[in-house]
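K.L.:
Below is query.csv; it holds CSV, C-alpha atoms.
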chain,number,residue,atom,x,y,z
X,594,MET,CA,15.4,-31.5,-28.5
X,595,TRP,CA,17.5,-29.3,-26.4
X,596,THR,CA,21.3,-29.1,-26.2
X,597,ASP,CA,23.1,-29.3,-22.9
X,598,ASN,CA,23.9,-25.6,-23.1
X,599,GLN,CA,20.2,-24.8,-23.7
X,600,ARG,CA,19.1,-27.0,-20.8
X,601,ALA,CA,21.6,-25.2,-18.5
X,602,GLU,CA,20.2,-21.9,-19.8
X,603,ARG,CA,16.7,-23.1,-19.1
X,604,LEU,CA,17.6,-24.0,-15.5
X,605,ASP,CA,19.3,-20.6,-15.0
X,606,GLY,CA,16.3,-18.8,-16.3
X,607,ALA,CA,13.9,-20.8,-14.1
X,608,ARG,CA,15.5,-19.1,-11.0
X,609,ARG,CA,13.6,-15.9,-11.8
X,610,ARG,CA,10.5,-14.8,-13.7
X,611,ALA,CA,11.3,-15.5,-17.4
X,612,THR,CA,11.0,-12.6,-19.9
X,613,ILE,CA,10.4,-12.6,-23.6
X,614,HIS,CA,14.1,-12.1,-24.2
X,615,ASP,CA,14.8,-15.4,-22.3
X,616,VAL,CA,12.4,-17.3,-24.5
X,617,ALA,CA,13.9,-15.8,-27.7
X,618,ARG,CA,17.4,-16.7,-26.6
X,619,LEU,CA,16.4,-20.3,-25.7
X,620,ALA,CA,14.5,-20.8,-28.9
X,621,GLY,CA,17.1,-19.1,-31.0
X,622,VAL,CA,14.6,-16.6,-32.5
X,623,SER,CA,13.9,-12.9,-32.3
X,624,ARG,CA,11.7,-11.2,-29.7
X,625,GLN,CA,9.2,-10.4,-32.5
X,626,THR,CA,9.0,-14.0,-33.4
X,627,VAL,CA,8.2,-15.0,-29.8
X,628,SER,CA,5.5,-12.3,-29.7
X,629,ARG,CA,3.9,-13.7,-32.9
X,630,ALA,CA,4.1,-17.3,-31.6
X,631,VAL,CA,2.6,-16.7,-28.1
X,632,ASN,CA,-0.1,-14.3,-29.5
X,633,ASP,CA,-1.0,-16.7,-32.3
X,634,LYS,CA,-0.5,-14.2,-35.0
X,635,GLY,CA,-0.1,-16.8,-37.8
X,636,GLU,CA,2.7,-15.4,-39.8
X,637,ILE,CA,5.3,-17.8,-38.5
X,638,ASP,CA,6.6,-21.2,-39.6
X,639,PRO,CA,4.8,-24.0,-37.7
X,640,GLY,CA,8.0,-25.7,-36.7
X,641,THR,CA,9.4,-22.4,-35.3
X,642,LYS,CA,6.2,-21.7,-33.5
X,643,GLU,CA,6.3,-25.1,-31.9
X,644,ARG,CA,9.9,-24.5,-30.8
X,645,VAL,CA,9.0,-21.1,-29.3
X,646,LEU,CA,6.0,-22.5,-27.4
X,647,GLU,CA,8.1,-25.3,-26.0
X,648,ALA,CA,10.7,-22.8,-24.8
X,649,ALA,CA,8.0,-20.8,-23.2
X,650,ARG,CA,6.6,-23.9,-21.5
X,651,LEU,CA,10.1,-24.9,-20.2
X,652,LEU,CA,10.7,-21.4,-18.8
X,653,ASP,CA,7.2,-21.0,-17.5
X,654,TYR,CA,6.9,-17.8,-19.5
X,655,ARG,CA,3.6,-16.1,-19.3
X,656,PRO,CA,3.3,-12.7,-21.0
X,657,SER,CA,1.8,-10.0,-18.9
X,658,ARG,CA,-1.4,-8.3,-20.1
X,659,PHE,CA,0.4,-5.0,-19.8
X,660,ALA,CA,3.0,-6.1,-22.4
X,661,ARG,CA,0.2,-7.2,-24.7
X,662,GLY,CA,-1.8,-4.0,-24.1
X,663,LEU,CA,1.0,-2.0,-25.6
X,664,VAL,CA,0.2,-3.4,-29.0
X,665,GLN,CA,-3.4,-4.5,-28.7
X,666,LYS,CA,-6.5,-2.4,-28.2
X,667,GLY,CA,-8.8,-3.4,-25.4
X,668,ALA,CA,-10.0,-2.6,-21.9
X,669,VAL,CA,-7.3,-1.9,-19.3
X,670,THR,CA,-7.5,-4.0,-16.1
X,671,ALA,CA,-5.9,-2.7,-12.9
X,672,GLY,CA,-5.4,-5.0,-9.9
X,673,LEU,CA,-6.1,-3.4,-6.5
X,674,VAL,CA,-4.7,-5.0,-3.4
X,675,ILE,CA,-6.3,-3.8,-0.1
X,676,PRO,CA,-5.2,-5.1,3.3
X,677,ASP,CA,-8.5,-5.2,5.2
X,678,LEU,CA,-11.9,-4.4,3.7
X,679,ARG,CA,-13.4,-4.5,7.2
X,680,ASN,CA,-11.5,-1.3,8.0
X,681,PRO,CA,-13.7,1.6,6.6
X,682,PHE,CA,-10.5,3.5,5.6
X,683,PHE,CA,-9.7,1.1,2.8
X,684,PRO,CA,-13.1,0.9,1.0
X,685,GLU,CA,-12.9,4.7,0.7
X,686,VAL,CA,-9.5,4.4,-1.0
X,687,ALA,CA,-10.9,1.7,-3.2
X,688,ALA,CA,-13.8,4.0,-4.1
X,689,GLY,CA,-11.3,6.6,-5.3
X,690,VAL,CA,-9.5,4.0,-7.5
X,691,LEU,CA,-12.7,2.7,-8.9
X,692,GLU,CA,-14.1,6.1,-9.7
X,693,ALA,CA,-10.9,7.3,-11.4
X,694,ALA,CA,-10.6,4.0,-13.3
X,695,GLU,CA,-14.2,4.1,-14.5
X,696,GLN,CA,-13.6,7.6,-15.9
X,697,ARG,CA,-10.9,6.1,-18.1
X,698,GLY,CA,-13.0,3.1,-19.1
X,699,TRP,CA,-10.8,0.7,-17.1
X,700,GLN,CA,-11.7,-2.4,-15.1
X,701,VAL,CA,-10.6,-3.0,-11.6
X,702,VAL,CA,-10.0,-6.4,-9.9
X,703,VAL,CA,-10.0,-6.0,-6.0
X,704,TRP,CA,-8.0,-8.4,-3.8
X,705,ASP,CA,-8.3,-8.4,0.0
X,706,SER,CA,-5.0,-9.6,1.4
X,707,ARG,CA,-6.3,-9.7,5.0
X,708,ILE,CA,-3.1,-8.2,6.4
X,709,ASP,CA,-1.3,-11.4,5.3
X,710,GLU,CA,2.1,-11.1,3.6
X,711,ALA,CA,1.7,-14.5,1.9
X,712,ARG,CA,-1.6,-13.4,0.5
X,713,GLU,CA,0.0,-10.2,-0.7
X,714,ARG,CA,2.6,-12.2,-2.7
X,715,GLU,CA,-0.2,-14.5,-4.0
X,716,ALA,CA,-2.1,-11.5,-5.2
X,717,LEU,CA,1.0,-10.3,-7.2
X,718,ASP,CA,1.5,-13.8,-8.6
X,719,VAL,CA,-2.1,-13.9,-9.8
X,720,LEU,CA,-2.6,-10.3,-10.9
X,721,SER,CA,0.7,-10.2,-12.8
X,722,HIS,CA,-1.0,-12.5,-15.3
X,723,GLN,CA,-4.5,-10.9,-15.2
X,724,ALA,CA,-3.9,-7.2,-14.9
X,725,ASP,CA,-2.1,-4.5,-16.8
X,726,ALA,CA,-0.9,-2.8,-13.6
X,727,VAL,CA,-1.2,-3.4,-9.9
X,728,VAL,CA,-2.0,-0.8,-7.2
X,729,GLY,CA,-2.0,-1.6,-3.5
X,730,TYR,CA,-0.6,-2.0,0.0
X,731,PHE,CA,2.4,-4.3,0.4
X,732,LYS,CA,4.8,-4.8,3.3
X,733,ASP,CA,7.5,-6.7,1.4
X,734,PRO,CA,10.6,-4.8,0.3
X,735,ASP,CA,11.0,-3.8,-3.3
X,736,ASP,CA,13.2,-6.7,-4.3
X,737,VAL,CA,10.7,-9.3,-3.1
X,738,LEU,CA,7.8,-7.5,-4.9
X,739,ALA,CA,9.8,-7.3,-8.1
X,740,ARG,CA,10.3,-11.1,-8.1
X,741,HIS,CA,6.5,-11.6,-8.1
X,742,LEU,CA,5.6,-8.9,-10.6
X,743,GLY,CA,6.8,-10.3,-13.9
X,744,GLY,CA,7.4,-6.8,-15.3
X,745,VAL,CA,3.9,-5.6,-14.5
X,746,PRO,CA,3.9,-1.9,-13.4
X,747,LEU,CA,3.3,-1.4,-9.7
X,748,VAL,CA,2.0,1.6,-7.7
X,749,LEU,CA,2.4,1.4,-4.0
X,750,LEU,CA,0.0,3.0,-1.6
X,751,GLU,CA,1.2,4.7,1.6
X,752,ARG,CA,4.8,3.9,0.8
X,753,GLY,CA,6.3,7.3,0.2
X,754,PRO,CA,7.8,8.0,-3.2
X,755,ARG,CA,11.2,8.5,-1.5
X,756,GLN,CA,10.9,5.0,0.1
X,757,THR,CA,10.6,2.9,-3.1
X,758,ARG,CA,11.9,2.5,-6.6
X,759,PHE,CA,8.3,1.8,-7.8
X,760,ALA,CA,5.7,4.5,-8.5
X,761,ALA,CA,4.0,5.4,-5.3
X,762,VAL,CA,1.4,7.6,-3.6
X,763,GLY,CA,2.2,8.5,0.0
X,764,ILE,CA,0.7,10.3,2.9
X,765,ASP,CA,2.6,13.3,4.3
X,766,ALA,CA,2.4,11.9,7.9
X,767,ALA,CA,5.0,14.4,9.2
X,768,THR,CA,3.0,17.5,8.2
X,769,GLY,CA,-0.3,15.9,9.5
X,770,VAL,CA,1.2,14.9,12.9
X,771,GLU,CA,2.8,18.3,13.3
X,772,GLN,CA,-0.6,19.9,13.0
X,773,GLY,CA,-2.2,17.6,15.5
X,774,MET,CA,0.6,17.8,18.0
X,775,ASN,CA,0.7,21.6,17.8
X,776,HIS,CA,-3.0,21.7,18.4
X,777,LEU,CA,-2.6,19.5,21.6
X,778,PHE,CA,0.3,21.6,22.7
X,779,ARG,CA,-1.6,24.9,22.3
X,780,ALA,CA,-4.4,23.3,24.4
X,781,GLY,CA,-1.9,22.9,27.2
X,782,HIS,CA,-1.0,19.3,26.9
X,783,ARG,CA,2.6,18.3,27.9
X,784,ARG,CA,2.2,14.6,28.6
X,785,ILE,CA,1.1,13.0,25.3
X,786,GLY,CA,1.2,9.3,24.5
X,787,MET,CA,0.7,7.5,21.3
X,788,LEU,CA,-1.1,4.3,20.3
X,789,ASP,CA,0.8,2.9,17.3
X,790,GLY,CA,-0.3,0.4,14.7
X,791,VAL,CA,0.3,-3.3,14.9
X,792,HIS,CA,3.2,-3.4,12.4
X,793,GLY,CA,5.7,-1.5,14.5
X,794,PRO,CA,7.6,1.7,13.9
X,795,GLY,CA,6.6,3.7,10.9
X,796,PRO,CA,6.2,7.3,9.6
X,797,ARG,CA,3.5,8.3,12.0
X,798,ARG,CA,5.5,7.1,15.1
X,799,GLN,CA,8.6,8.8,13.8
X,800,ALA,CA,6.7,12.0,13.1
X,801,PHE,CA,5.1,11.9,16.6
X,802,LEU,CA,8.5,11.5,18.4
X,803,GLU,CA,10.2,14.1,16.3
X,804,GLN,CA,7.5,16.7,16.9
X,805,ALA,CA,7.4,15.9,20.6
X,806,ARG,CA,11.1,16.6,20.8
X,807,ARG,CA,10.7,19.9,18.9
X,808,LEU,CA,8.1,20.9,21.4
X,809,GLY,CA,10.3,20.0,24.3
X,810,LEU,CA,8.0,17.3,25.6
X,811,PRO,CA,9.2,14.5,27.9
X,812,VAL,CA,8.4,11.9,25.3
X,813,ASP,CA,10.4,8.8,24.2
X,814,GLU,CA,9.6,5.3,23.0
X,815,GLY,CA,8.2,4.5,26.4
X,816,TRP,CA,5.3,6.8,25.7
X,817,VAL,CA,4.3,4.7,22.7
X,818,VAL,CA,2.3,1.5,22.9
X,819,THR,CA,1.7,-0.8,19.9
X,820,CYS,CA,-1.9,-1.9,19.6
X,821,PRO,CA,-2.5,-5.6,18.8
X,822,GLU,CA,-4.6,-4.7,15.7
X,823,HIS,CA,-5.9,-1.7,13.8
X,824,SER,CA,-9.4,-1.8,15.3
X,825,VAL,CA,-11.5,-0.4,18.1
X,826,ALA,CA,-10.7,-3.4,20.2
X,827,GLY,CA,-7.0,-2.9,19.5
X,828,GLY,CA,-7.3,0.7,20.6
X,829,GLU,CA,-8.9,-0.4,23.8
X,830,ALA,CA,-6.2,-2.9,24.6
X,831,GLY,CA,-3.5,-0.5,23.8
X,832,MET,CA,-5.0,2.3,25.9
X,833,ASP,CA,-5.2,0.0,28.9
X,834,ARG,CA,-1.5,-0.7,28.6
X,835,LEU,CA,-0.6,3.0,28.0
X,836,LEU,CA,-2.6,4.2,31.0
X,837,THR,CA,-1.0,1.6,33.2
X,838,ALA,CA,2.5,2.6,32.0
X,839,ARG,CA,1.9,6.4,31.9
X,840,PRO,CA,-1.1,7.2,34.2
X,841,GLY,CA,-0.2,10.9,34.1
X,842,ILE,CA,-0.9,11.4,30.4
X,843,THR,CA,-3.4,14.1,29.4
X,844,ALA,CA,-3.6,13.4,25.7
X,845,VAL,CA,-3.2,10.5,23.3
X,846,PHE,CA,-2.6,10.3,19.6
X,847,GLY,CA,-4.0,7.3,17.8
X,848,PHE,CA,-2.5,5.7,14.8
X,849,ASN,CA,-5.9,5.7,13.1
X,850,ASP,CA,-9.5,6.7,14.0
X,851,LEU,CA,-10.5,3.1,15.0
X,852,ILE,CA,-7.7,3.0,17.5
X,853,ALA,CA,-8.6,6.5,18.8
X,854,VAL,CA,-12.3,5.4,19.3
X,855,GLY,CA,-11.1,2.4,21.2
X,856,ALA,CA,-8.8,4.6,23.3
X,857,THR,CA,-11.9,6.8,24.2
X,858,ARG,CA,-13.8,3.7,25.3
X,859,ALA,CA,-11.0,2.3,27.5
X,860,ALA,CA,-10.4,5.7,29.1
X,861,ARG,CA,-14.0,6.0,30.1
X,862,ARG,CA,-14.0,2.5,31.5
X,863,ARG,CA,-11.1,3.5,33.7
X,864,GLY,CA,-12.9,6.7,34.9
X,865,ARG,CA,-11.2,9.2,32.6
X,866,SER,CA,-13.5,11.7,30.9
X,867,VAL,CA,-12.8,12.7,27.3
X,868,PRO,CA,-11.9,15.5,26.7
X,869,GLN,CA,-11.9,16.9,30.3
X,870,ASP,CA,-9.3,14.4,31.7
X,871,LEU,CA,-7.9,13.1,28.4
X,872,ALA,CA,-7.8,14.5,24.9
X,873,VAL,CA,-8.0,12.0,22.1
X,874,LEU,CA,-6.7,12.6,18.5
X,875,GLY,CA,-7.2,10.3,15.6
X,876,PHE,CA,-5.6,10.0,12.1
X,877,ASP,CA,-7.7,9.1,9.0
X,878,GLY,CA,-10.8,11.3,9.0
X,879,LEU,CA,-13.4,8.4,8.9
X,880,SER,CA,-17.0,9.4,8.7
X,881,LEU,CA,-17.6,7.5,12.0
X,882,GLY,CA,-15.6,10.1,13.8
X,883,GLU,CA,-18.6,12.4,13.5
X,884,LEU,CA,-21.0,9.7,14.9
X,885,VAL,CA,-19.2,8.7,18.1
X,886,GLU,CA,-19.5,10.6,21.4
X,887,PRO,CA,-17.6,12.8,21.8
X,888,ALA,CA,-17.0,13.5,18.1
X,889,LEU,CA,-13.4,12.7,17.2
X,890,THR,CA,-10.8,15.3,16.5
X,891,THR,CA,-8.7,13.8,13.7
X,892,LEU,CA,-6.2,14.3,10.9
X,893,HIS,CA,-8.4,13.9,7.8
X,894,ILE,CA,-6.9,12.1,4.8
X,895,ASP,CA,-8.6,12.6,1.4
X,896,LYS,CA,-8.8,8.9,0.8
X,897,ARG,CA,-10.5,9.2,-2.6
X,898,GLN,CA,-7.7,11.6,-3.7
X,899,LEU,CA,-5.2,8.9,-2.7
X,900,GLY,CA,-7.0,6.5,-5.0
X,901,ARG,CA,-7.3,9.0,-7.9
X,902,LEU,CA,-3.5,9.7,-7.7
X,903,ALA,CA,-2.8,6.0,-7.8
X,904,VAL,CA,-4.8,5.7,-11.1
X,905,GLU,CA,-2.9,8.8,-12.5
X,906,GLN,CA,0.3,7.0,-11.7
X,907,VAL,CA,-0.8,3.9,-13.6
X,908,ALA,CA,-1.8,6.1,-16.6
X,909,ARG,CA,1.6,7.7,-16.6
X,910,LEU,CA,3.4,4.3,-16.5
X,911,ARG,CA,1.3,3.0,-19.3
X,912,ALA,CA,2.1,6.1,-21.4
X,913,GLY,CA,5.8,5.6,-20.8
X,914,GLU,CA,5.9,8.9,-18.8
X,915,GLU,CA,7.7,9.5,-15.5
X,916,PRO,CA,5.5,8.9,-12.5
X,917,LEU,CA,4.6,11.8,-10.2
X,918,ARG,CA,7.2,12.5,-7.6
X,919,GLY,CA,7.7,14.6,-4.5
X,920,ALA,CA,4.8,16.7,-3.2
X,921,ASP,CA,2.7,15.8,-6.3
X,922,ALA,CA,2.5,12.2,-5.1
X,923,TRP,CA,1.6,13.0,-1.5
X,924,VAL,CA,-1.7,13.5,0.2
X,925,THR,CA,-1.4,15.9,3.1
X,926,PRO,CA,-3.8,15.4,6.1
X,927,ALA,CA,-5.9,18.3,7.4
X,928,LEU,CA,-6.7,18.8,11.1
X,929,VAL,CA,-10.4,18.6,11.8
X,930,ILE,CA,-11.2,19.8,15.3
X,931,ARG,CA,-14.2,18.3,17.1
X,932,ASP,CA,-15.0,17.6,20.7
X,933,SER,CA,-12.5,14.9,21.7
X,934,ALA,CA,-9.4,17.2,21.7
Could you write out this structure as structure tokens?
P.N.:
Amino acid sequence: MWTDNQRAERLDGARRRATIHDVARLAGVSRQTVSRAVNDKGEIDPGTKERVLEAARLLDYRPSRFARGLVQKGAVTAGLVIPDLRNPFFPEVAAGVLEAAEQRGWQVVVWDSRIDEAREREALDVLSHQADAVVGYFKDPDDVLARHLGGVPLVLLERGPRQTRFAAVGIDAATGVEQGMNHLFRAGHRRIGMLDGVHGPGPRRQAFLEQARRLGLPVDEGWVVTCPEHSVAGGEAGMDRLLTARPGITAVFGFNDLIAVGATRAARRRGRSVPQDLAVLGFDGLSLGELVEPALTTLHIDKRQLGRLAVEQVARLRAGEEPLRGADAWVTPALVIRDSA
């Protein structure tokens, strides 16, 4: 049925996600004819339709719901990829997405990637055929994400708009950490350590080190310990290592609130009183920070606003508008002072 040139073209197209243009070229028809064939519109010669569908099968072409949504009325479905639903931070972000989507009459499909990059890519593969757009947390670089998207719009969470070519909603970590470090400095702390997240250097560590240098503190990478996981247990393990390496510290900045709570528990176990002997600062603003003893001083992120902004970005992409950029696409943490620091 196919010429040698067409078979070669098919093999070339199979190296990447096929588009409607690839199918049209292989079948020798217009893009509009492909659209009518795959959407079963009827106004097409049966032989032509069969040729188009065969080309689509050979190229493994699957039209995205987003592309169909541009010409068909119906409910919008957004895919939401969350890294760890056990961490109370992410359900609050999800709540913001769900609330904003509901106000627009949209549906949301939630996928827990369990902090697994393979599951993140699997989520994109599945949602690129089930959703009109995808919102979520992804560790892969832009080019890898693009290969799994199939043209579906993507809004990245906590990957700053200046760090990606996709639409994004970020957290202004630098401004938040500056507030927290200045608070500790004004309280007299000059030996401040950090418990970083499991995935290595990122915006919060960079902001911590830069602000420490601006304040003239004797801080370098040796004052930073990476916790084995983003949890209370991870914070305990990290704090044990930090106190062993830097026993003279008088304050610690936790990558998130769970790690900060773990740091408090480890410090107490080692005979350090919080905040008398050691000040502890978190980053997230989880409600549990008010429940622990002492209550946790933290950099509060409006997590529902993060979700609402992500939905706004999706709406802009669907309308063919430019996504929010710069400060409009950032959520800035606010210092909440309690008893721990």
K.L.:
Excluding same-chain residues fewer than 3 positions from range 771-788 of chain X, what lies within 6 Å of it counting all atoms listed in the file, as a list in words?
P.N.:
Thr768, Leu810, Trp816, Val817, Val818, Thr819, Ile842, Thr843, Ala844, Val845, Phe846, Gly847 and Phe848 of chain X
K.L.:
Write out as a list in words which residues come within 10 Å of Arg931 in chain X when counting all atoms listed in the file, dropping same-chain ones fewer than 4 positions away.
P.N.:
Leu874, Gly882, Glu883, Pro887, Ala888, Leu889, Thr890 and Thr891 of chain X
K.L.:
What does the structure give for the distance between CA of Gly875 in chain X and CA of Arg707 in chain X, in Å to one decimal?
P.N.:
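Going from CA of Gly875 in chain X over to CA of Arg707 in chain X covers 22.7 Å.
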K.L.:
Just the number, please: distance in Å from CA of Gln756 in chain X to CA of Pro796 in chain X, one decimal.
P.N.:
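Interatomic distance here is 10.8 Å.
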K.L.:
With only C-alpha atoms as the counted atoms, please give the residues lying no more than 12 Å from Val686 in chain X, apart from itself and same-chain residues fewer than 3 positions off, as a ChimeraX atom specification.
P.N.:
/X:673-678,680-683,689-693,703,728-730,750-751,762,877,879,894-904
K.L.:
Just the number, please: distance in Å from CA of Ala761 in chain X to CA of Phe731 in chain X, one decimal.
P.N.:
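Here the two named atoms are 11.4 Å from each other.
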K.L.:
Please list, as a PyMOL selection string, the residues that have an atom at most 8 Å away from (1.7, 1.6, -16.4) in the coordinates of this file, counting all atoms listed in the file.
P.N.:
chain X and resi 659+725-726+745-747+906-913
K.L.:
Can you tell me, as a ChimeraX atom specification, what residues are no more than 9 Å from Leu717 in chain X when counting all atoms listed in the file, ignoring any on the same chain fewer than 5 positions away?
P.N.:
/X:672,674,712,722,727,738,741-743
K.L.:
Using all atoms listed in the file, find the one residue out of X:Leu749, X:Ala617, X:Val719, X:Leu892 that sits nearest to Ala934 in chain X.
P.N.:
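Going through X:Leu749, X:Ala617, X:Val719, X:Leu892 one by one, the smallest distance to Ala934 in chain X is for X:Leu892.
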